[in-house]
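Engineer: Next comes data_26.cif, mmCIF, C-alpha atoms:
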data_protein
loop_
_atom_site.label_atom_id
_atom_site.label_comp_id
_atom_site.auth_asym_id
_atom_site.auth_seq_id
_atom_site.Cartn_x
_atom_site.Cartn_y
_atom_site.Cartn_z
CA MET A 27 -23.27 15.03 23.33
CA ALA A 28 -23.19 12.39 20.61
CA GLN A 29 -23.48 8.79 21.67
CA PRO A 30 -20.50 6.54 20.98
CA GLY A 31 -20.70 4.20 18.04
CA PRO A 32 -21.13 0.45 18.40
CA ALA A 33 -18.43 -1.44 20.26
CA HIS A 34 -16.12 -3.59 18.20
CA LYS A 35 -14.61 -6.80 19.47
CA ILE A 36 -10.83 -7.08 19.45
CA PRO A 37 -10.04 -10.12 17.32
CA ASP A 38 -8.85 -13.15 19.25
CA THR A 39 -8.64 -15.53 16.34
CA PRO A 40 -5.49 -17.32 15.15
CA GLY A 41 -3.05 -15.32 13.07
CA TRP A 42 -3.08 -12.02 14.96
CA ASN A 43 0.36 -12.83 16.35
CA HIS A 44 1.66 -12.06 12.82
CA TYR A 45 1.21 -8.36 13.60
CA ASN A 46 3.69 -6.61 15.88
CA TRP A 47 2.14 -3.17 16.35
CA PRO A 48 4.86 -1.66 18.59
CA GLN A 49 7.47 -2.74 16.03
CA LEU A 50 5.43 -1.23 13.18
CA PHE A 51 5.35 2.14 14.96
CA GLU A 52 9.07 1.94 15.77
CA LEU A 53 9.94 1.10 12.15
CA LEU A 54 7.79 3.95 10.87
CA GLU A 55 9.85 6.28 13.07
CA THR A 56 13.32 4.82 12.57
CA GLY A 57 13.08 3.42 9.05
CA ALA A 58 15.26 0.49 10.21
CA ILE A 59 13.60 -2.00 7.87
CA THR A 60 15.75 -5.05 7.18
CA ASP A 61 15.41 -8.22 5.12
CA ARG A 62 14.34 -9.98 8.30
CA ASN A 63 11.50 -7.62 9.30
CA THR A 64 10.34 -6.28 5.92
CA LYS A 65 7.57 -8.86 5.35
CA GLY A 66 6.03 -8.30 8.79
CA PHE A 67 6.40 -4.53 8.44
CA HIS A 68 4.51 -4.46 5.13
CA ARG A 69 1.81 -6.83 6.39
CA ALA A 70 1.20 -4.74 9.54
CA ARG A 71 1.46 -1.42 7.69
CA ASN A 72 -1.11 -2.47 5.10
CA LEU A 73 -3.61 -3.68 7.70
CA PHE A 74 -3.05 -0.54 9.80
CA TYR A 75 -3.70 1.64 6.76
CA VAL A 76 -6.96 -0.15 6.01
CA ALA A 77 -8.06 0.11 9.65
CA ILE A 78 -7.40 3.84 10.03
CA SER A 79 -8.52 4.93 6.58
CA ARG A 80 -12.09 3.58 6.78
CA PRO A 81 -13.69 5.45 9.71
CA GLN A 82 -15.15 8.82 8.82
CA LYS A 83 -15.75 9.94 12.43
CA ARG A 84 -14.37 9.18 15.89
CA LEU A 85 -11.35 7.06 15.05
CA ALA A 86 -9.93 5.43 18.17
CA VAL A 87 -6.82 3.28 18.16
CA LEU A 88 -6.21 1.10 21.20
CA ALA A 89 -2.81 -0.48 21.66
CA THR A 90 -3.06 -3.54 23.87
CA GLN A 91 0.70 -4.07 23.93
CA THR A 92 3.36 -2.05 25.73
CA MET A 93 4.54 0.72 23.42
CA PRO A 94 8.20 1.80 23.63
CA GLN A 95 8.97 5.53 23.59
CA THR A 96 9.90 5.43 19.90
CA ALA A 97 6.53 3.88 19.06
CA LEU A 98 4.71 6.48 21.18
CA ALA A 99 6.58 9.25 19.36
CA THR A 100 5.31 7.83 16.07
CA ALA A 101 1.74 7.73 17.39
CA ALA A 102 2.05 11.36 18.50
CA ARG A 103 3.38 12.33 15.06
CA LEU A 104 0.62 10.45 13.22
CA PHE A 105 -2.35 11.38 15.38
CA GLY A 106 -1.20 14.55 17.17
CA THR A 107 0.30 14.81 20.64
CA ASN A 108 -3.02 15.87 22.20
CA ASN A 109 -4.70 12.76 20.82
CA VAL A 110 -2.35 10.16 22.34
CA HIS A 111 -3.20 9.11 25.90
CA ALA A 112 -1.57 6.53 28.12
CA VAL A 113 -3.90 4.07 29.80
CA THR A 114 -2.53 2.10 32.71
CA LEU A 115 -4.30 -1.10 33.58
CA ALA A 116 -3.86 -2.54 37.02
#
Could you render the structure as structure tokens?
Structural biologist:
Amino acid sequence: MAQPGPAHKIPDTPGWNHYNWPQLFELLETGAITDRNTKGFHRARNLFYVAISRPQKRLAVLATQTMPQTALATAARLFGTNNVHAVTLA
């Protein structure tokens, strides 16, 4: 079995609160983009695209926020139902 790649640190620097990942996934599913959320949607979408388009093997996406059902449906559509797993932390 292949060994996993190097671990990557989740950024904890200022500015990451400008990205609302559950909302991005919900807006991708619903298309309910408004004047109020369009800037944040485009910012998050662009960074998400860069993040998922660079790996050539073993892409893993970890959501550290609670994902509503609509957002989970988007993840299943994007990555395949068999590739989306819930992780419950105690």
Engineer: Between A:Thr100, A:Asn63, A:Gln95, A:Asn109, which residue has the minimum interatomic distance to His44 in chain A, considering all atoms listed in the file?
Structural biologist: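 The closest residue to His44 in chain A is A:Asn63.
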Engineer: Which residues are close to Arg71 in chain A, i.e. within 10 Å by all atoms listed in the file, leaving aside same-chain residues fewer than 5 positions away? Reply as a list in words.
Structural biologist: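 Residues meeting the cut-off are Tyr45, Asn46, Trp47, Leu50, Phe51, Leu53, Leu54, Lys65, Gly66, Val76 and Ala77 of chain A.
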Engineer: Would you compute the distance between CA of Pro48 in chain A and CA of Met93 in chain A? Give it in Å to one decimal.
Structural biologist: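 Computing the Euclidean distance for CA of Pro48 in chain A and CA of Met93 in chain A yields 5.4 Å.
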Engineer: The PyMOL selection byres ((chain A and resi 89) around 12) - which residues does that actually catch in the file I just gave you? List them as an mmCIF file with C-alpha atoms, in the coordinates of the input.
Structural biologist:
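Output below, filename out-v6.cif:
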data_model
loop_
_atom_site.group_PDB
_atom_site.id
_atom_site.type_symbol
_atom_site.label_atom_id
_atom_site.label_comp_id
_atom_site.auth_asym_id
_atom_site.auth_seq_id
_atom_site.Cartn_x
_atom_site.Cartn_y
_atom_site.Cartn_z
ATOM 1 C CA ILE A 36 -10.830 -7.080 19.450
ATOM 2 C CA TYR A 45 1.210 -8.360 13.600
ATOM 3 C CA ASN A 46 3.690 -6.610 15.880
ATOM 4 C CA TRP A 47 2.140 -3.170 16.350
ATOM 5 C CA PRO A 48 4.860 -1.660 18.590
ATOM 6 C CA GLN A 49 7.470 -2.740 16.030
ATOM 7 C CA LEU A 50 5.430 -1.230 13.180
ATOM 8 C CA PHE A 51 5.350 2.140 14.960
ATOM 9 C CA PHE A 74 -3.050 -0.540 9.800
ATOM 10 C CA ALA A 86 -9.930 5.430 18.170
ATOM 11 C CA VAL A 87 -6.820 3.280 18.160
ATOM 12 C CA LEU A 88 -6.210 1.100 21.200
ATOM 13 C CA THR A 90 -3.060 -3.540 23.870
ATOM 14 C CA GLN A 91 0.700 -4.070 23.930
ATOM 15 C CA THR A 92 3.360 -2.050 25.730
ATOM 16 C CA MET A 93 4.540 0.720 23.420
ATOM 17 C CA PRO A 94 8.200 1.800 23.630
ATOM 18 C CA ALA A 97 6.530 3.880 19.060
ATOM 19 C CA LEU A 98 4.710 6.480 21.180
ATOM 20 C CA ALA A 101 1.740 7.730 17.390
ATOM 21 C CA VAL A 110 -2.350 10.160 22.340
ATOM 22 C CA HIS A 111 -3.200 9.110 25.900
ATOM 23 C CA ALA A 112 -1.570 6.530 28.120
ATOM 24 C CA VAL A 113 -3.900 4.070 29.800
ATOM 25 C CA THR A 114 -2.530 2.100 32.710
#
Engineer: Adding 4 Å on each side of the box along x, y and z that holds all listed atoms of range 47-50 of chain A, could you give its centre and edge lengths in Å to one decimal, as JSON?
Structural biologist:
{"center_x": 4.8, "center_y": -2.2, "center_z": 15.9, "size_x": 13.3, "size_y": 9.9, "size_z": 13.4}
Engineer: Could you state the separation of CA of Glu55 in chain A and CA of Thr96 in chain A in Å, given to one decimal place?
Structural biologist: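 Result for CA of Glu55 in chain A versus CA of Thr96 in chain A: 6.9 Å, one decimal.
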Engineer: How far is it from CA of Arg62 in chain A to CA of Phe105 in chain A, in Å with one decimal?
Structural biologist: 28.0 Å
